[in-house]
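Shown below: protein-v9.txt, with compact mmCIF, C-alpha atoms.
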# COMPACT_ATOMS: atom_id res chain seq x y z
CA MET A 171 1.83 -26.55 30.18
CA TYR A 172 -0.88 -24.00 30.82
CA SER A 173 -2.70 -22.38 33.68
CA ARG A 174 -6.31 -23.61 34.01
CA GLU A 175 -7.50 -20.21 35.17
CA VAL A 176 -9.25 -18.28 32.44
CA ALA A 177 -11.10 -15.03 33.03
CA GLY A 178 -11.50 -15.73 36.72
CA GLN A 179 -12.77 -19.26 36.14
CA VAL A 180 -10.97 -22.54 36.83
CA LEU A 181 -11.39 -24.98 33.96
CA GLU A 182 -10.88 -28.72 33.75
CA PHE A 183 -9.74 -30.06 30.41
CA GLY A 184 -10.41 -33.29 28.56
CA VAL A 185 -9.34 -34.75 25.24
CA SER A 186 -11.94 -33.81 22.64
CA GLY A 187 -10.94 -36.49 20.14
CA LYS A 188 -10.64 -33.77 17.53
CA LEU A 189 -7.57 -32.51 15.77
CA ILE A 190 -6.55 -29.33 14.03
CA MET A 191 -3.86 -30.12 11.52
CA ASN A 192 -2.75 -33.20 13.45
CA VAL A 193 -2.52 -31.43 16.78
CA MET A 194 -4.70 -32.22 19.75
CA VAL A 195 -7.79 -30.21 20.50
CA MET A 196 -8.86 -30.06 24.14
CA TYR A 197 -12.29 -29.20 25.50
CA ASP A 198 -13.14 -27.71 28.84
CA ARG A 199 -15.75 -29.40 31.00
CA GLN A 200 -17.20 -26.11 32.21
CA THR A 201 -18.25 -24.58 28.89
CA ASN A 202 -17.49 -27.31 26.35
CA SER A 203 -15.40 -24.88 24.35
CA LEU A 204 -12.69 -26.33 22.11
CA TRP A 205 -9.07 -25.32 22.65
CA SER A 206 -6.10 -25.72 20.34
CA GLN A 207 -3.30 -27.20 22.39
CA LEU A 208 -0.61 -25.68 20.21
CA LEU A 209 -2.08 -22.20 20.11
CA GLY A 210 -3.32 -22.26 23.72
CA ARG A 211 -6.47 -20.57 22.49
CA ALA A 212 -10.17 -21.39 22.37
CA VAL A 213 -11.21 -21.89 18.76
CA GLU A 214 -14.86 -22.79 19.21
CA GLY A 215 -17.53 -22.29 21.90
CA SER A 216 -18.39 -19.54 24.34
CA LEU A 217 -14.75 -18.93 25.31
CA VAL A 218 -13.58 -18.53 21.72
CA GLY A 219 -10.63 -16.15 21.52
CA GLU A 220 -9.66 -16.60 25.17
CA GLU A 221 -6.04 -17.57 25.70
CA LEU A 222 -4.42 -19.86 28.24
CA GLU A 223 -1.44 -18.55 30.15
CA PHE A 224 1.67 -20.47 29.10
CA LEU A 225 3.67 -21.93 31.98
CA PRO A 226 7.30 -22.95 31.54
CA SER A 227 8.21 -26.60 31.88
CA TRP A 228 11.20 -28.76 31.09
CA GLN A 229 11.63 -32.03 29.28
CA THR A 230 14.52 -34.01 30.58
CA THR A 231 15.49 -37.37 32.03
CA TRP A 232 14.34 -38.57 35.42
CA GLN A 233 17.98 -38.69 36.56
CA ASP A 234 18.58 -35.07 35.63
CA TRP A 235 15.31 -33.87 37.13
CA LYS A 236 15.74 -35.52 40.51
CA THR A 237 19.31 -34.27 40.74
CA ARG A 238 18.03 -30.74 40.28
CA TYR A 239 14.95 -31.17 42.47
CA PRO A 240 15.46 -33.93 45.06
CA GLU A 241 12.21 -32.95 46.79
CA THR A 242 10.19 -33.33 43.61
CA LYS A 243 6.92 -35.19 43.53
CA VAL A 244 6.48 -37.66 40.70
CA LEU A 245 3.35 -38.81 38.92
CA VAL A 246 2.24 -42.30 39.94
CA LYS A 247 2.03 -44.62 36.95
CA GLY A 248 -0.41 -47.38 36.29
CA TYR A 249 -3.38 -45.45 35.03
CA ARG A 250 -3.08 -46.97 31.59
CA GLY A 251 -0.47 -47.67 28.99
CA LEU A 252 2.95 -48.94 29.98
CA ARG A 253 4.70 -48.07 26.78
CA ASP A 254 4.61 -45.02 24.66
CA PRO A 255 1.87 -45.63 22.07
CA TYR A 256 3.60 -43.28 19.65
CA LEU A 257 6.88 -45.19 19.54
CA SER A 258 6.31 -46.70 16.13
CA TYR A 259 4.87 -43.46 14.92
CA TYR A 260 7.99 -41.45 15.67
CA SER A 261 10.07 -43.63 13.42
CA SER A 262 7.61 -44.09 10.57
CA GLY A 263 7.49 -41.72 7.66
CA GLN A 264 3.81 -41.05 8.15
CA ALA A 265 3.01 -37.44 8.85
CA GLY A 266 0.11 -37.35 11.26
CA VAL A 267 -3.23 -39.00 10.72
CA ILE A 268 -4.71 -36.64 8.19
CA GLY A 269 -1.66 -35.96 6.09
CA GLU A 270 -0.02 -32.63 5.75
CA THR A 271 -1.90 -29.47 5.01
CA ARG A 272 0.90 -28.24 2.84
CA ARG A 273 4.33 -29.44 1.84
CA ASP A 274 7.41 -27.58 2.86
CA ASN A 275 10.70 -29.28 2.15
CA ARG A 276 12.96 -26.88 3.97
CA LEU A 277 13.22 -29.58 6.62
CA ASN A 278 12.32 -33.27 6.67
CA THR A 279 8.75 -34.01 7.68
CA LYS A 280 9.70 -35.56 10.99
CA ASP A 281 12.63 -33.38 11.93
CA PHE A 282 12.25 -32.23 15.51
CA ILE A 283 12.19 -28.52 16.02
CA ILE A 284 11.69 -25.96 18.72
CA GLY A 285 9.16 -23.42 17.49
CA VAL A 286 8.71 -19.89 18.81
CA ALA A 287 5.94 -17.53 17.74
CA VAL A 288 6.08 -13.84 18.58
CA GLY A 289 3.13 -11.89 17.27
CA ASP A 290 2.84 -12.66 13.57
CA LEU A 291 6.39 -13.97 13.34
CA ALA A 292 7.54 -17.52 13.90
CA VAL A 293 10.96 -19.12 13.91
CA VAL A 294 11.93 -22.77 14.15
CA TYR A 295 15.20 -24.06 15.55
CA PRO A 296 15.86 -27.58 14.21
CA PHE A 297 17.31 -30.08 16.67
CA ARG A 298 20.06 -30.89 14.19
CA THR A 299 21.13 -27.24 14.18
CA LEU A 300 20.89 -27.09 17.96
CA ASN A 301 23.05 -30.18 18.30
CA ASP A 302 25.91 -28.22 16.72
CA GLN A 303 24.99 -24.86 18.19
CA PRO A 304 23.31 -25.39 21.57
CA VAL A 305 23.21 -21.69 22.45
CA ILE A 306 21.54 -19.38 19.93
CA ASN A 307 21.08 -15.62 20.23
CA ASP A 308 18.34 -14.50 17.91
CA LEU A 309 15.91 -11.69 17.29
CA ILE A 310 12.28 -12.31 16.35
CA GLY A 311 10.96 -8.95 15.27
CA ASP A 312 11.84 -6.74 18.23
CA GLN A 313 12.01 -9.66 20.64
CA PRO A 314 15.54 -10.71 21.66
CA VAL A 315 15.54 -14.48 22.02
CA LEU A 316 17.93 -16.96 23.58
CA VAL A 317 17.63 -20.68 22.84
CA VAL A 318 19.51 -23.16 25.03
CA PHE A 319 19.58 -26.81 24.05
CA ASP A 320 20.63 -29.80 26.11
CA ALA A 321 21.51 -32.40 23.48
CA GLN A 322 22.07 -35.07 26.10
CA ASN A 323 18.48 -34.85 27.25
CA ALA A 324 16.96 -33.50 24.03
CA SER A 325 15.56 -30.64 26.01
CA GLY A 326 15.38 -27.04 24.89
CA VAL A 327 14.27 -23.81 26.50
CA VAL A 328 13.73 -20.33 25.14
CA PHE A 329 14.30 -17.09 27.03
CA ASP A 330 13.88 -13.37 26.61
CA ARG A 331 17.52 -12.18 26.72
CA GLU A 332 16.67 -8.64 27.69
CA VAL A 333 17.34 -7.98 31.38
CA ASP A 334 16.63 -4.63 33.02
CA GLY A 335 16.45 -2.91 29.65
CA GLN A 336 19.71 -4.34 28.39
CA ILE A 337 19.93 -6.95 25.64
CA LEU A 338 22.48 -9.56 26.58
CA TYR A 339 24.46 -11.83 24.29
CA PHE A 340 25.23 -15.31 25.56
CA GLU A 341 27.71 -18.04 24.80
CA ALA A 342 28.12 -21.58 26.09
CA VAL A 343 30.81 -22.06 28.70
CA GLY A 344 30.43 -25.65 29.74
CA GLU A 345 27.93 -28.13 31.04
CA LEU A 346 24.69 -26.27 30.41
CA GLN A 347 26.15 -23.04 31.65
CA ILE A 348 26.14 -19.83 29.69
CA ARG A 349 27.95 -16.52 30.04
CA ASP A 350 26.79 -13.10 28.95
CA ASP A 351 29.32 -11.01 27.05
CA GLN A 352 28.34 -7.79 28.76
CA SER A 353 29.16 -8.66 32.38
CA GLY A 354 30.80 -12.05 32.12
CA SER A 355 28.25 -13.43 34.59
CA ILE A 356 27.63 -17.17 34.59
CA TRP A 357 24.05 -18.43 34.26
CA ASP A 358 22.33 -21.80 34.47
CA GLY A 359 21.31 -22.39 30.86
CA LEU A 360 18.23 -24.47 31.57
CA THR A 361 16.70 -22.46 34.39
CA GLY A 362 17.93 -19.04 33.25
CA THR A 363 19.12 -18.11 36.73
CA GLY A 364 22.25 -16.04 37.24
CA ILE A 365 24.81 -18.07 39.22
CA SER A 366 27.78 -15.75 39.66
CA GLY A 367 28.94 -12.29 38.63
CA ASP A 368 26.94 -9.09 38.40
CA TYR A 369 23.81 -10.98 37.43
CA ALA A 370 23.95 -13.57 40.24
CA GLY A 371 20.37 -14.19 41.31
CA ALA A 372 18.89 -12.54 38.21
CA GLN A 373 16.30 -14.48 36.26
CA LEU A 374 15.75 -14.68 32.53
CA LYS A 375 12.09 -14.84 31.54
CA ARG A 376 10.95 -17.93 29.67
CA LEU A 377 9.17 -17.47 26.35
CA LYS A 378 6.54 -19.84 25.06
CA SER A 379 8.08 -22.49 22.86
CA THR A 380 6.88 -25.76 21.42
CA THR A 381 8.84 -28.91 20.72
CA ALA A 382 7.31 -30.51 17.69
CA PHE A 383 7.76 -32.29 14.42
CA TRP A 384 8.41 -29.90 11.58
CA PHE A 385 5.27 -30.92 9.72
CA GLY A 386 3.01 -30.18 12.67
CA TRP A 387 4.47 -26.77 13.32
CA LYS A 388 4.64 -25.56 9.74
CA ASP A 389 0.98 -26.27 9.12
CA PHE A 390 0.20 -23.74 11.85
CA TYR A 391 2.99 -21.32 10.97
CA PRO A 392 3.76 -21.78 7.28
CA GLU A 393 5.66 -18.50 7.09
CA SER A 394 8.16 -19.63 9.72
CA ARG A 395 11.77 -18.70 9.32
CA VAL A 396 14.04 -21.71 9.72
CA PHE A 397 17.07 -20.76 11.78
CA GLY A 398 20.26 -21.49 9.87
CA GLN A 399 18.52 -21.25 6.49
CA GLU A 400 18.26 -17.47 6.21
CA SER A 401 18.95 -16.35 2.69
CA MET B 228 17.34 -37.77 12.55
CA VAL B 229 18.26 -36.45 15.96
CA ALA B 230 21.62 -37.02 17.52
CA SER B 231 20.30 -37.56 20.99
CA LYS B 232 22.21 -40.06 23.04
CA ASN B 233 19.08 -41.26 24.67
CA GLY B 234 17.40 -42.29 21.51
CA VAL B 235 15.14 -40.31 19.37
CA LEU B 236 12.07 -42.28 20.16
CA MET B 237 11.79 -41.42 23.78
CA ILE B 238 11.97 -37.72 23.29
CA ALA B 239 9.03 -35.68 24.13
CA PHE B 240 6.71 -34.43 21.52
CA GLY B 241 3.74 -32.79 22.62
CA ILE B 242 2.02 -31.91 19.55
CA ILE B 243 1.47 -34.97 17.53
CA LEU B 244 -1.36 -36.82 19.05
CA ALA B 245 -3.98 -39.48 18.74
CA SER B 246 -2.09 -41.06 15.94
CA CYS B 247 -2.07 -44.41 17.67
CA ALA B 248 -5.70 -45.01 16.98
CA PRO B 249 -6.28 -46.75 13.68
CA VAL B 250 -9.78 -45.47 13.12
CA ALA B 251 -11.54 -44.00 10.16
CA ILE B 252 -11.43 -40.27 9.88
CA GLU B 253 -14.58 -38.30 9.60
CA THR B 254 -14.27 -34.71 8.61
CA ASP B 255 -16.42 -32.08 10.21
CA GLY B 256 -16.12 -29.65 7.37
CA ALA B 257 -15.58 -29.69 3.69
CA ALA B 258 -12.13 -30.84 2.75
CA SER B 259 -10.03 -28.13 1.29
CA SER B 260 -7.52 -29.05 -1.34
CA ASP B 261 -6.17 -25.64 -2.11
CA SER B 262 -2.51 -25.27 -1.38
CA LYS B 263 -2.38 -21.57 -0.65
CA PRO B 264 -0.76 -20.57 2.60
CA ARG B 265 -3.26 -20.64 5.40
CA ALA B 266 -4.23 -17.52 7.22
CA SER B 267 -3.38 -17.56 10.89
CA ASP B 268 -7.02 -16.93 11.72
CA GLU B 269 -8.47 -19.66 13.90
CA ASN B 270 -11.69 -19.58 11.91
CA ASP B 271 -9.74 -20.94 9.02
CA TYR B 272 -8.63 -24.04 10.88
CA ARG B 273 -10.36 -27.20 9.84
CA ILE B 274 -11.26 -29.32 12.85
CA ILE B 275 -11.56 -33.03 12.29
CA THR B 276 -13.08 -35.62 14.60
CA LEU B 277 -10.98 -38.68 15.17
CA LEU B 278 -12.25 -40.20 18.39
CA PRO B 279 -15.18 -39.73 20.77
CA LYS B 280 -14.73 -37.22 23.57
CA ASP B 281 -12.69 -38.65 26.45
CA ALA B 282 -11.80 -41.79 24.47
CA ILE B 283 -8.33 -40.81 25.60
CA PRO B 284 -8.90 -40.24 29.31
CA SER B 285 -7.28 -37.26 30.98
CA ILE B 286 -5.84 -37.75 34.46
CA ASP B 287 -7.97 -35.66 36.78
CA ASN B 288 -6.86 -36.66 40.26
CA PRO B 289 -3.17 -37.34 39.89
CA LYS B 290 -1.30 -39.12 42.66
CA PHE B 291 2.38 -38.64 43.36
CA TYR B 292 5.43 -40.47 44.59
CA SER B 293 8.40 -39.01 46.39
CA ALA B 294 11.64 -39.13 44.41
CA SER B 295 12.89 -42.22 46.22
CA GLU B 296 9.59 -44.05 45.68
CA ALA B 297 9.64 -43.10 42.01
CA ASP B 298 13.04 -44.73 41.53
CA ASP B 299 11.28 -48.10 41.53
CA GLU B 300 9.27 -47.20 38.44
CA TYR B 301 11.24 -44.49 36.68
CA ALA B 302 14.40 -45.49 34.85
CA PRO B 303 17.26 -42.97 35.09
CA ASP B 304 17.09 -42.20 31.37
CA GLU B 305 13.29 -42.07 31.21
CA MET B 306 11.94 -38.79 29.88
CA VAL B 307 9.86 -36.64 32.18
CA LEU B 308 8.14 -33.30 31.89
CA GLY B 309 8.95 -31.17 34.92
CA VAL B 310 7.47 -28.03 36.39
CA VAL B 311 8.39 -25.83 39.38
CA PHE B 312 6.30 -23.24 41.18
CA ASP B 313 7.13 -21.53 44.44
CA GLY B 314 9.82 -24.11 45.09
CA GLU B 315 7.43 -27.01 44.54
CA ALA B 316 8.62 -29.38 41.82
CA ARG B 317 6.67 -32.05 39.94
CA ALA B 318 7.63 -34.51 37.25
CA TYR B 319 5.34 -36.38 34.89
CA SER B 320 6.29 -39.47 32.93
CA VAL B 321 6.26 -38.74 29.22
CA ASN B 322 4.95 -42.27 28.65
CA MET B 323 1.98 -41.54 30.87
CA LEU B 324 1.39 -38.22 29.17
CA SER B 325 1.38 -39.95 25.80
CA SER B 326 -1.39 -42.23 27.01
CA HIS B 327 -3.51 -39.53 28.62
CA GLU B 328 -2.47 -36.30 26.92
CA ILE B 329 -3.79 -34.10 29.73
CA VAL B 330 -3.25 -34.01 33.49
CA ASN B 331 -5.49 -31.64 35.42
CA ASP B 332 -3.38 -30.77 38.42
CA ASN B 333 -2.80 -28.15 41.10
CA ILE B 334 0.63 -27.06 42.18
CA ALA B 335 1.35 -24.54 44.93
CA GLY B 336 -2.34 -23.68 44.90
CA ARG B 337 -2.28 -23.01 41.20
CA PRO B 338 -4.52 -24.97 38.78
CA ILE B 339 -2.49 -26.21 35.84
CA ALA B 340 -3.06 -28.32 32.76
CA VAL B 341 -0.14 -30.52 31.83
CA THR B 342 -0.72 -31.12 28.14
CA TRP B 343 0.95 -33.38 25.65

Would you mind writing the file's structure down as structure tokens?
Amino acid sequence: MYSREVAGQVLEFGVSGKLIMNVMVMYDRQTNSLWSQLLGRAVEGSLVGEELEFLPSWQTTWQDWKTRYPETKVLVKGYRGLRDPYLSYYSSGQAGVIGETRRDNRLNTKDFIIGVAVGDLAVVYPFRTLNDQPVINDLIGDQPVLVVFDAQNASGVVFDREVDGQILYFEAVGELQIRDDQSGSIWDGLTGTGISGDYAGAQLKRLKSTTAFWFGWKDFYPESRVFGQES
Amino acid sequence: MVASKNGVLMIAFGIILASCAPVAIETDGAASSDSKPRASDENDYRIITLLPKDAIPSIDNPKFYSASEADDEYAPDEMVLGVVFDGEARAYSVNMLSSHEIVNDNIAGRPIAVTW
């Protein structure tokens, strides 16, 4: 999810039909520049080098979403395609349409991961690790990172765990709730909002993250650290 | 693979796209077979053309249901991508996003691209 405002201009995006390492390339209808969806950056055309502002979103079930946001609006269906055209693809062993740029057997090709890139550093959090450890406190370079995973809905979010200059350490305390060690405050793990305690009403900042297959991510970020596999 | 109770296949995966189209692949540039780690410089990325522009149509004028209207078409365990701005919430069917890949939308006066 990105803002469509770039350098004071509102862009409209279309599907270019091109791929970079198996990941969609968009084009904008104003300048015809090409944009990498994964990087959020123009890679060709007059806007090359411009970046799209990342906007936080959530993947979850309809039931969970409407419980959280009863006033939500919901996309009307019926444009085209009643079933997910990638269904068979998810379960096949095939890695993308052009094959992999490079092999990396630290994870299986189609393992699902949450990827986070901070500057030149990238870390992946495999779903299978997150299933056992749904709250992860990590550090990517100087960036304190908190990953919260909802195994029920296969939905993960990543936060900056520094608040007002203090780096907090979180643990799971129940149904998608987390508690920081420093104040004992309780937070909503998916929205990052303080619920009770000293940090009631405080808000953790979301960091850009990408849910992806391992093979797609590692082609872009081959030097990624795999959480749980540190030597 | 993934121990999700809702089934692996319905989970959302934004970054693997256009794979449904069984078409021949034409490369824009020379194929590179070297296996050295790639630089993270965008100029080094090889762009391939798989489909004509807009062969997968983006949704440009999305229409919306209320939550109660959506219950007729959205199963409780159906995956959605949700966004909230200024108290305004929207949900997009992952199935629809798989078919269209991009929704050009505006929420709370803010132009957004929902990408898949």

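Taking atom CA of Ser325 of chain A as the reference point, atom CA of Glu241 of chain A is found at 21.2 Å.
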
Can you tell me, as a PyMOL selection string, what residues are no more than 12 Å from segment 333-346 of chain A when counting only C-alpha atoms, ignoring any on the same chain fewer than 2 positions away?
chain A and resi 234+302-309+312-323+325-327+329-331+348-364+368-369+372-376

Do you know which residues are at most 8 Å from Ile334 of chain B counting only C-alpha atoms, after dropping those on the same chain fewer than 4 positions away, and could you put them as a PDB file with C-alpha atoms, in the coordinates of the input?
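Produced file result_21.pdb, reproduced below:
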ATOM      1  CA  PHE B 312       6.300 -23.240  41.180  1.00  0.00           C
ATOM      2  CA  GLU B 315       7.430 -27.010  44.540  1.00  0.00           C
ATOM      3  CA  PRO B 338      -4.520 -24.970  38.780  1.00  0.00           C
ATOM      4  CA  ILE B 339      -2.490 -26.210  35.840  1.00  0.00           C
TER       5      ILE B 339
END

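Interatomic distance, atom CA of Val311 of chain B against atom CA of Thr230 of chain A: 13.5 Å.
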
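Coordinates place atom CA of Trp232 of chain A at a distance of 26.7 Å from atom CA of Gly210 of chain A.
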
Name the residues in contact with Met196 of chain A at a cut-off of 7 Å, using all atoms listed in the file, excluding same-chain residues fewer than 2 positions from it; report them as an MDAnalysis selection string.
chainID A and resid 183:186 194 198 204:207

Which residues come within 12 Å of Lys236 of chain A, counting only C-alpha atoms, excluding same-chain residues fewer than 3 positions away, as a VMD selection string?
(chain A and resid 230 to 233 239 to 244) or (chain B and resid 293 to 298 301 to 310 316 to 319)

Would you list the contacts of Ile286 of chain B as a count of residues only, taking every protein, DNA or RNA residue within 12 Å and counting only C-alpha atoms, but skipping same-chain residues closer than 6 positions in sequence?
25

Box centre and edge lengths (Å, one decimal), axis-aligned, segment 297-311 of chain B plus 6 Å each side, as AutoDock Vina command-line options:
--center_x 12.4 --center_y -37.0 --center_z 35.9 --size_x 21.8 --size_y 34.3 --size_z 24.1

Between A:Gln229, A:Glu175, A:Val193, A:Gly187, which residue has the minimum interatomic distance to Val321 of chain B, considering all atoms listed in the file?
A:Gln229

From A:Asn301, A:Gln179, A:Ser394, A:Gln347, residue lying nearest chain B [only C-alpha atoms]:
A:Asn301

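Comparing A:Ser216, A:Thr299, A:Gln200, A:Thr381 by their smallest distance to Gly398 of chain A, the closest is A:Thr299 (using all atoms listed in the file).
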
Where atoms are missing, can you supply N, CA, C and O atoms for segment 271-292 of chain B and output the lot as a compact mmCIF listing (two decimals), in the coordinates of the input?
# COMPACT_ATOMS: atom_id res chain seq x y z
N ASP B 271 -10.14 -20.27 10.23
CA ASP B 271 -9.74 -20.94 9.02
C ASP B 271 -9.25 -22.36 9.30
O ASP B 271 -9.00 -23.12 8.39
N TYR B 272 -9.13 -22.71 10.56
CA TYR B 272 -8.63 -24.04 10.88
C TYR B 272 -9.72 -25.08 10.71
O TYR B 272 -10.82 -24.95 11.24
N ARG B 273 -9.41 -26.11 10.01
CA ARG B 273 -10.36 -27.20 9.84
C ARG B 273 -10.21 -28.17 11.02
O ARG B 273 -9.12 -28.64 11.29
N ILE B 274 -11.28 -28.42 11.70
CA ILE B 274 -11.26 -29.32 12.85
C ILE B 274 -11.82 -30.67 12.41
O ILE B 274 -12.91 -30.74 11.86
N ILE B 275 -11.05 -31.72 12.64
CA ILE B 275 -11.56 -33.03 12.29
C ILE B 275 -11.80 -33.85 13.55
O ILE B 275 -11.15 -33.64 14.57
N THR B 276 -12.77 -34.76 13.46
CA THR B 276 -13.08 -35.62 14.60
C THR B 276 -12.49 -36.99 14.36
O THR B 276 -12.73 -37.62 13.34
N LEU B 277 -11.69 -37.43 15.32
CA LEU B 277 -10.98 -38.68 15.17
C LEU B 277 -11.49 -39.73 16.15
O LEU B 277 -11.55 -40.90 15.85
N LEU B 278 -11.85 -39.29 17.32
CA LEU B 278 -12.25 -40.20 18.39
C LEU B 278 -13.39 -39.53 19.17
O LEU B 278 -13.53 -38.31 19.14
N PRO B 279 -14.17 -40.34 19.89
CA PRO B 279 -15.18 -39.73 20.77
C PRO B 279 -14.49 -38.94 21.89
O PRO B 279 -13.35 -39.21 22.26
N LYS B 280 -15.22 -38.00 22.43
CA LYS B 280 -14.73 -37.22 23.57
C LYS B 280 -14.31 -38.15 24.70
O LYS B 280 -15.01 -39.13 24.99
N ASP B 281 -13.20 -37.89 25.30
CA ASP B 281 -12.69 -38.65 26.45
C ASP B 281 -12.33 -40.10 26.12
O ASP B 281 -12.12 -40.91 27.03
N ALA B 282 -12.28 -40.45 24.84
CA ALA B 282 -11.80 -41.79 24.47
C ALA B 282 -10.36 -41.95 24.97
O ALA B 282 -9.94 -43.03 25.35
N ILE B 283 -9.63 -40.87 24.93
CA ILE B 283 -8.33 -40.81 25.60
C ILE B 283 -8.58 -40.10 26.93
O ILE B 283 -8.92 -38.92 26.95
N PRO B 284 -8.48 -40.83 28.04
CA PRO B 284 -8.90 -40.24 29.31
C PRO B 284 -7.83 -39.35 29.92
O PRO B 284 -6.68 -39.75 30.09
N SER B 285 -8.19 -38.13 30.24
CA SER B 285 -7.28 -37.26 30.98
C SER B 285 -7.12 -37.80 32.40
O SER B 285 -7.95 -38.57 32.88
N ILE B 286 -6.03 -37.41 33.05
CA ILE B 286 -5.84 -37.75 34.46
C ILE B 286 -6.32 -36.55 35.28
O ILE B 286 -5.79 -35.45 35.13
N ASP B 287 -7.34 -36.78 36.09
CA ASP B 287 -7.97 -35.66 36.78
C ASP B 287 -7.65 -35.58 38.27
O ASP B 287 -7.81 -34.54 38.88
N ASN B 288 -7.25 -36.68 38.84
CA ASN B 288 -6.86 -36.66 40.26
C ASN B 288 -5.51 -37.35 40.41
O ASN B 288 -5.41 -38.44 40.95
N PRO B 289 -4.48 -36.69 39.91
CA PRO B 289 -3.17 -37.34 39.89
C PRO B 289 -2.65 -37.63 41.29
O PRO B 289 -2.88 -36.87 42.23
N LYS B 290 -1.96 -38.75 41.40
CA LYS B 290 -1.30 -39.12 42.66
C LYS B 290 0.21 -39.08 42.42
O LYS B 290 0.67 -39.26 41.30
N PHE B 291 0.95 -38.88 43.52
CA PHE B 291 2.38 -38.64 43.36
C PHE B 291 3.22 -39.47 44.30
O PHE B 291 2.83 -39.75 45.43
N TYR B 292 4.39 -39.84 43.78
CA TYR B 292 5.43 -40.47 44.59
C TYR B 292 6.41 -39.41 45.07
O TYR B 292 6.54 -38.33 44.47
